[in-house]
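protein_11.txt follows; it contains compact mmCIF, C-alpha atoms.
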# COMPACT_ATOMS: atom_id res chain seq x y z
CA MET A 1 117.19 67.64 73.34
CA SER A 2 115.86 70.62 71.51
CA SER A 3 115.69 73.04 74.44
CA PHE A 4 119.40 72.55 75.08
CA GLN A 5 120.25 73.47 71.52
CA TYR A 6 117.78 76.31 71.54
CA LEU A 7 119.17 77.91 74.69
CA ALA A 8 122.76 77.28 73.74
CA ARG A 9 122.20 78.83 70.36
CA ARG A 10 120.56 81.88 71.83
CA ARG A 11 123.22 82.68 74.43
CA VAL A 12 126.39 81.25 73.05
CA PHE A 13 128.76 83.62 74.78
CA GLU A 14 127.22 83.09 78.16
CA PHE A 15 127.25 79.35 77.62
CA ALA A 16 130.92 79.43 76.62
CA VAL A 17 131.98 81.53 79.61
CA LEU A 18 129.90 79.55 82.08
CA SER A 19 131.22 76.23 80.84
CA THR A 20 134.80 77.46 80.83
CA ALA A 21 134.69 78.70 84.43
CA PRO A 22 134.32 75.31 86.16
CA VAL A 23 136.88 73.72 83.86
CA CYS A 24 139.30 76.46 84.80
CA GLY A 25 138.53 76.06 88.50
CA VAL A 26 138.93 72.29 88.40
CA LEU A 27 142.21 72.60 86.54
CA LEU A 28 143.49 75.07 89.13
CA THR A 29 142.51 72.74 91.94
CA VAL A 30 143.71 69.51 90.38
CA LEU A 31 147.02 70.84 89.06
CA HIS A 32 147.71 72.80 92.25
CA VAL A 33 148.67 75.86 90.28
CA ARG A 34 147.64 79.38 90.96
CA PRO A 35 148.18 82.50 88.93
CA GLN A 36 150.93 84.46 90.55
CA SER A 37 148.82 87.56 90.62
CA VAL A 38 146.12 85.78 92.58
CA GLU A 39 148.71 84.27 94.86
CA LEU A 40 150.20 87.64 95.62
CA THR A 41 147.22 89.96 95.84
CA MET A 42 144.46 87.94 97.43
CA PRO A 43 144.34 87.12 101.11
CA GLY A 44 144.37 83.41 101.88
CA VAL A 45 140.71 82.77 102.59
CA ILE A 46 139.53 84.81 99.67
CA ARG A 47 141.88 82.98 97.35
CA VAL A 48 140.34 79.63 98.23
CA CYS A 49 136.85 81.09 97.92
CA TRP A 50 137.82 82.50 94.54
CA GLU A 51 138.90 79.11 93.27
CA PHE A 52 135.82 77.33 94.47
CA GLY A 53 133.69 80.24 93.32
CA LEU A 54 134.83 79.61 89.77
CA ILE A 55 133.54 76.05 89.92
CA VAL A 56 130.37 76.87 91.83
CA ALA A 57 129.42 79.84 89.68
CA GLY A 58 130.02 77.95 86.45
CA VAL A 59 128.09 74.88 87.49
CA ALA A 60 125.26 76.93 88.96
CA GLY A 61 125.07 79.08 85.85
CA LEU A 62 124.84 76.07 83.56
CA LEU A 63 122.26 74.57 85.88
CA GLY A 64 120.22 77.76 85.73
CA MET A 65 120.53 77.99 81.97
CA PHE A 66 119.20 74.48 81.47
CA TRP A 67 116.85 74.37 84.45
CA PRO A 68 114.10 71.95 83.44
CA GLY A 69 111.48 73.34 85.80
CA GLN A 70 110.01 76.77 86.10
CA LEU A 71 111.49 79.53 84.00
CA GLY A 72 111.66 81.91 86.97
CA THR A 73 113.66 79.49 89.10
CA GLY A 74 116.16 78.87 86.35
CA LEU A 75 116.58 82.58 85.78
CA GLY A 76 117.09 83.16 89.51
CA ILE A 77 119.83 80.54 89.74
CA GLU A 78 121.45 81.95 86.62
CA LEU A 79 121.28 85.43 88.12
CA ALA A 80 123.03 84.30 91.30
CA ALA A 81 125.70 82.50 89.30
CA LEU A 82 126.31 85.46 87.03
CA LEU A 83 126.61 87.89 89.94
CA MET A 84 129.20 85.59 91.49
CA LEU A 85 131.01 85.12 88.20
CA GLY A 86 131.10 88.86 87.63
CA ALA A 87 132.57 89.42 91.08
CA ILE A 88 135.12 86.64 90.53
CA ALA A 89 136.21 88.07 87.20
CA ALA A 90 136.40 91.58 88.64
CA MET A 91 138.55 90.31 91.49
CA TYR A 92 140.92 88.74 89.00
CA VAL A 93 141.02 91.95 86.99
CA VAL A 94 141.97 93.97 90.04
CA SER A 95 144.64 91.51 91.04
CA LEU A 96 146.00 91.39 87.50
CA LEU A 97 146.18 95.15 87.26
CA VAL A 98 147.81 95.46 90.65
CA PHE A 99 150.27 92.69 89.91
CA ALA A 100 151.27 93.47 86.33
CA GLY A 101 150.11 97.01 85.71
CA GLU A 102 150.31 98.01 82.08
CA GLN A 103 151.53 94.58 81.05
CA ALA A 104 148.11 93.14 81.86
CA VAL A 105 146.07 95.40 79.63
CA VAL A 106 144.92 92.67 77.25
CA ALA A 107 144.19 90.06 79.89
CA ALA A 108 142.49 92.59 82.13
CA SER A 109 140.39 93.83 79.23
CA PHE A 110 139.09 90.43 78.31
CA VAL A 111 138.53 89.26 81.86
CA GLY A 112 136.93 92.61 82.56
CA ALA A 113 134.68 92.03 79.58
CA VAL A 114 133.55 88.79 81.21
CA ALA A 115 132.74 90.65 84.42
CA PHE A 116 130.97 93.42 82.55
CA GLY A 117 128.99 90.97 80.44
CA SER A 118 128.00 88.96 83.48
CA TRP A 119 126.66 92.03 85.22
CA LEU A 120 124.86 93.20 82.10
CA ARG A 121 123.25 89.83 81.77
CA SER A 122 122.34 89.99 85.47
CA ALA A 123 120.57 93.29 84.93
CA GLU A 124 118.77 91.76 81.98
CA ILE A 125 117.68 88.80 84.07
CA VAL A 126 116.43 91.12 86.81
CA ARG A 127 114.35 92.94 84.23
CA SER A 128 113.05 89.66 82.85
CA LEU A 129 112.12 88.47 86.33
CA ARG A 130 110.32 91.69 87.06
CA TRP A 131 108.47 91.35 83.78
CA LEU A 132 107.62 87.76 84.60
CA ILE A 133 106.26 88.73 88.01
CA ARG A 134 104.20 91.56 86.54
CA LEU A 135 102.75 89.23 83.92
CA HIS A 136 102.04 86.69 86.60
CA HIS A 137 100.20 89.25 88.68
CA ALA A 138 98.23 90.27 85.63
CA GLY A 139 97.10 86.66 85.32
CA VAL A 140 98.80 86.05 82.02
CA ASP A 141 100.61 82.85 81.36
CA PRO A 142 103.96 84.17 80.18
CA CYS A 143 105.41 81.09 78.59
CA PRO A 144 102.97 78.25 78.00
CA THR A 145 105.54 75.81 76.74
CA LYS A 146 107.72 76.27 79.76
CA GLN A 147 105.50 75.00 82.54
CA THR A 148 106.44 71.81 84.25
CA MET B 1 156.38 83.62 98.64
CA ILE B 2 153.70 82.30 100.94
CA THR B 3 155.07 84.28 103.83
CA ALA B 4 155.24 87.40 101.74
CA GLN B 5 151.81 87.09 100.24
CA ASP B 6 150.03 89.55 102.48
CA SER B 7 152.58 92.26 102.00
CA GLY B 8 152.95 91.58 98.29
CA ALA B 9 150.05 93.76 97.31
CA PRO B 10 148.89 97.18 98.32
CA TYR B 11 146.32 97.31 101.02
CA TRP B 12 143.68 98.97 98.88
CA ALA B 13 143.88 96.18 96.32
CA GLN B 14 143.18 93.61 98.97
CA VAL B 15 140.31 95.67 100.25
CA VAL B 16 138.85 96.06 96.76
CA ILE B 17 139.24 92.37 96.03
CA SER B 18 137.73 91.39 99.36
CA ALA B 19 134.85 93.78 98.84
CA LEU B 20 134.22 92.37 95.38
CA GLY B 21 134.36 88.85 96.72
CA LEU B 22 132.01 89.66 99.56
CA PHE B 23 129.67 91.41 97.16
CA GLY B 24 129.66 88.48 94.76
CA GLY B 25 129.21 85.87 97.42
CA ALA B 26 126.57 87.78 99.33
CA SER B 27 124.55 88.71 96.26
CA GLY B 28 124.74 85.21 94.85
CA LEU B 29 123.69 83.58 98.10
CA GLY B 30 121.02 86.20 98.62
CA VAL B 31 119.52 85.62 95.19
CA LEU B 32 119.64 81.87 95.71
CA ALA B 33 117.92 82.21 99.08
CA THR B 34 115.28 84.49 97.58
CA VAL B 35 114.66 82.04 94.77
CA ALA B 36 114.41 79.13 97.20
CA VAL B 37 111.92 81.03 99.37
CA GLN B 38 109.85 82.51 96.58
CA ARG B 39 109.78 79.44 94.42
CA ARG B 40 107.12 77.51 96.27
CA LYS B 41 104.89 80.55 96.66
CA LEU B 42 105.26 81.54 93.04
CA LYS B 43 104.65 77.96 91.98
CA ALA B 44 101.44 77.73 94.00
CA ASP B 45 100.33 81.10 92.69
CA THR B 46 101.13 80.04 89.16
CA ALA B 47 99.20 76.81 89.60
CA GLY B 48 96.21 78.76 90.90
CA ALA B 49 96.44 81.30 88.12
CA LEU B 50 96.71 78.52 85.61
CA THR B 51 93.64 76.78 86.95
CA ASP B 52 91.72 80.02 86.87
CA THR B 53 92.90 80.74 83.37
CA ALA B 54 91.99 77.26 82.25
CA LEU B 55 88.54 77.60 83.80
CA ALA B 56 88.04 80.98 82.23
CA LEU B 57 89.00 79.46 78.91
CA VAL B 58 86.85 76.39 79.30
CA GLN B 59 83.70 78.08 80.56
CA PRO B 60 82.66 79.78 77.30
CA LEU B 61 83.47 76.60 75.43
CA ARG B 62 81.24 74.60 77.73
CA ALA B 63 78.39 77.09 77.29
CA ARG B 64 78.90 76.97 73.55
CA VAL B 65 78.81 73.16 73.54
CA THR B 66 75.52 73.13 75.49
CA GLU B 67 74.06 75.64 73.11
CA LEU B 68 75.16 73.65 70.08
CA GLU B 69 73.81 70.43 71.56
CA ALA B 70 70.39 72.00 72.10
CA GLU B 71 70.51 73.37 68.59
CA ALA B 72 71.43 69.98 67.15
CA LEU B 73 68.55 68.37 69.03
CA THR B 74 66.09 70.92 67.63
CA VAL B 75 67.41 70.45 64.14
CA ARG B 76 67.13 66.68 64.43
CA GLU B 77 63.52 66.93 65.58
CA GLN B 78 62.73 69.25 62.73
CA LEU B 79 64.38 66.87 60.31
CA THR B 80 62.32 63.92 61.60
CA GLY B 81 59.15 65.98 61.28
CA SER B 82 60.04 67.02 57.76
CA GLN B 83 60.76 63.45 56.74
CA ARG B 84 57.43 62.26 58.13
CA GLU B 85 55.61 65.05 56.33
CA LEU B 86 57.43 64.22 53.12
CA ARG B 87 56.40 60.56 53.42
CA GLU B 88 52.79 61.52 54.00
CA LEU B 89 52.79 63.93 51.11
CA ARG B 90 54.26 61.31 48.81
CA ALA B 91 51.61 58.84 49.85
CA THR B 92 48.89 61.42 49.23
CA VAL B 93 50.25 62.23 45.80
CA TRP B 94 50.39 58.54 44.91
CA GLU B 95 46.83 58.04 46.09
CA LEU B 96 45.58 61.05 44.16
CA THR B 97 47.35 59.84 41.05
CA ARG B 98 45.67 56.47 41.35
CA THR B 99 42.27 58.13 41.77
CA LEU B 100 42.89 60.30 38.75
CA GLU B 101 43.88 57.31 36.65
CA ARG B 102 40.77 55.37 37.68
CA TRP B 103 38.52 58.30 36.84
CA ARG B 104 40.22 58.84 33.54
CA GLU B 105 39.77 55.16 32.70
CA ALA B 106 36.10 55.44 33.67
CA ILE B 107 35.65 58.56 31.56
CA MET B 108 37.51 57.15 28.57
CA ALA B 109 35.75 53.77 28.75
CA PRO B 110 33.89 52.98 25.49
CA GLY B 111 30.45 52.79 27.06
CA ALA B 112 30.86 55.62 29.52
CA THR B 113 27.75 57.42 30.54
CA MET B 114 27.30 60.33 32.87
CA ARG B 115 25.35 58.16 35.23
CA ARG B 116 27.99 55.47 35.45
CA ILE B 117 30.73 58.02 36.12
CA GLN B 118 28.68 59.68 38.82
CA ALA B 119 28.09 56.29 40.43
CA LEU B 120 31.80 55.50 40.32
CA VAL B 121 32.77 58.83 41.87
CA ALA B 122 30.11 58.49 44.56
CA GLU B 123 31.41 55.01 45.33
CA GLU B 124 34.96 56.33 45.58
CA GLU B 125 33.79 59.02 47.96
CA ARG B 126 32.12 56.45 50.12
CA ARG B 127 34.86 53.86 50.01
CA PRO B 128 37.82 55.73 51.51
CA PRO B 129 36.63 55.65 55.18
CA GLY B 130 38.11 52.16 55.28
CA ARG B 131 41.43 53.73 54.59
CA PRO B 132 42.29 56.99 56.34
CA ARG B 133 42.45 59.98 54.10
CA ARG B 134 45.79 61.56 54.39
CA ARG B 135 45.10 65.12 53.98
CA GLY B 136 46.60 66.47 57.15
CA PRO B 137 47.57 70.05 57.61
Is it possible to give me this structure as structure tokens?
Amino acid sequence: MSSFQYLARRRVFEFAVLSTAPVCGVLLTVLHVRPQSVELTMPGVIRVCWEFGLIVAGVAGLLGMFWPGQLGTGLGIELAALLMLGAIAAMYVVSLLVFAGEQAVVAASFVGAVAFGSWLRSAEIVRSLRWLIRLHHAGVDPCPTKQT
Amino acid sequence: MITAQDSGAPYWAQVVISALGLFGGASGLGVLATVAVQRRKLKADTAGALTDTALALVQPLRARVTELEAEALTVREQLTGSQRELRELRATVWELTRTLERWREAIMAPGATMRRIQALVAEEERRPPGRPRRRGP
């Protein structure tokens, strides 16, 4: 499957983060453990949403990355997943900082980097989509090998 | 711990986290809904654009093919004509060579006289009507 390798090679970091998120969410659900910071700082409903959001965002992001159909659809799904993942990571950063303060500098930095990267990639996808739409209106076939 | 969870964190943190969660969920769902709505339209548009593009690409090629076919037909006709002409010319040359040889024999014959040669040539001139003279344009 050459397109899988091609995409995975091109966006390794995104692939790694997106594939880690559902694993993390499933582990949290199956093992019935929750980070203490999440337990303490998030209200009940939001905590459950956060857990399921991890799984949903990861799976949706991978789905969008390897969407077999139209390029625009795949990018849209990926965009939605990355926005959610960014929000989820930012929520965790806030709860970490509130819970542990200065002790959580390293963890908050790296998780914050995930949030930041997700949002950067979202902005990039928005720009790509806009470009795609403009090309489409101009009557140019943007990616001949990608049609299905 | 479960009973103390709501008071365990400052209010602003909960608000920030809730806002982030709402933002993430709403934006994600919104984008997904937009994609689901726009997909069919964009797909149809893309299909139409593709067909148009394909037609625009094919049209000049089709015109070119017609042109080339007409050209090939003309060339083939010309070739047939040339071959026929060549055949006729070859036949004429052969015939002329034969005539020349006969006349030479007549001239070089031991007892050749002017009269006999004239008679031979006159006979040759008269004889050909049985066979068409190929001296076309």
- Message: Near chain B, meaning an atom within 9 Å, which residues of chain A appear when counting only C-alpha atoms? Write them as number ranges by chain.
- Response: A: 39-44, 46, 49-50, 53, 57, 70, 72-73, 76-77, 79-88, 90-92, 94-95, 98-99, 133, 136-137, 139-141
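Our summary of the geometry notes that CA of Thr20 in chain A is positioned 25.3 Å from CA of Gly101 in chain A.
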- Item | Residues within 10 Å of Cys24 in chain A, only C-alpha atoms, excluding chain neighbours under 3 positions, as a list in words |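 Counting only C-alpha atoms, the residues come to Ser19, Thr20, Ala21, Leu27, Leu28, Thr29, Val30, Glu51, Leu54, Ile55 and Gly58 of chain A.
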- Selected residue of minimal separation from Val48 in chain A among A:Leu62, A:Trp131, A:Gly25, A:Phe116, counting only C-alpha atoms: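 Among the listed residues, the smallest separation from Val48 in chain A belongs to A:Gly25.
Atom pair CA of Arg121 in chain A / CA of Ala89 in chain A: separated by 14.2 Å.
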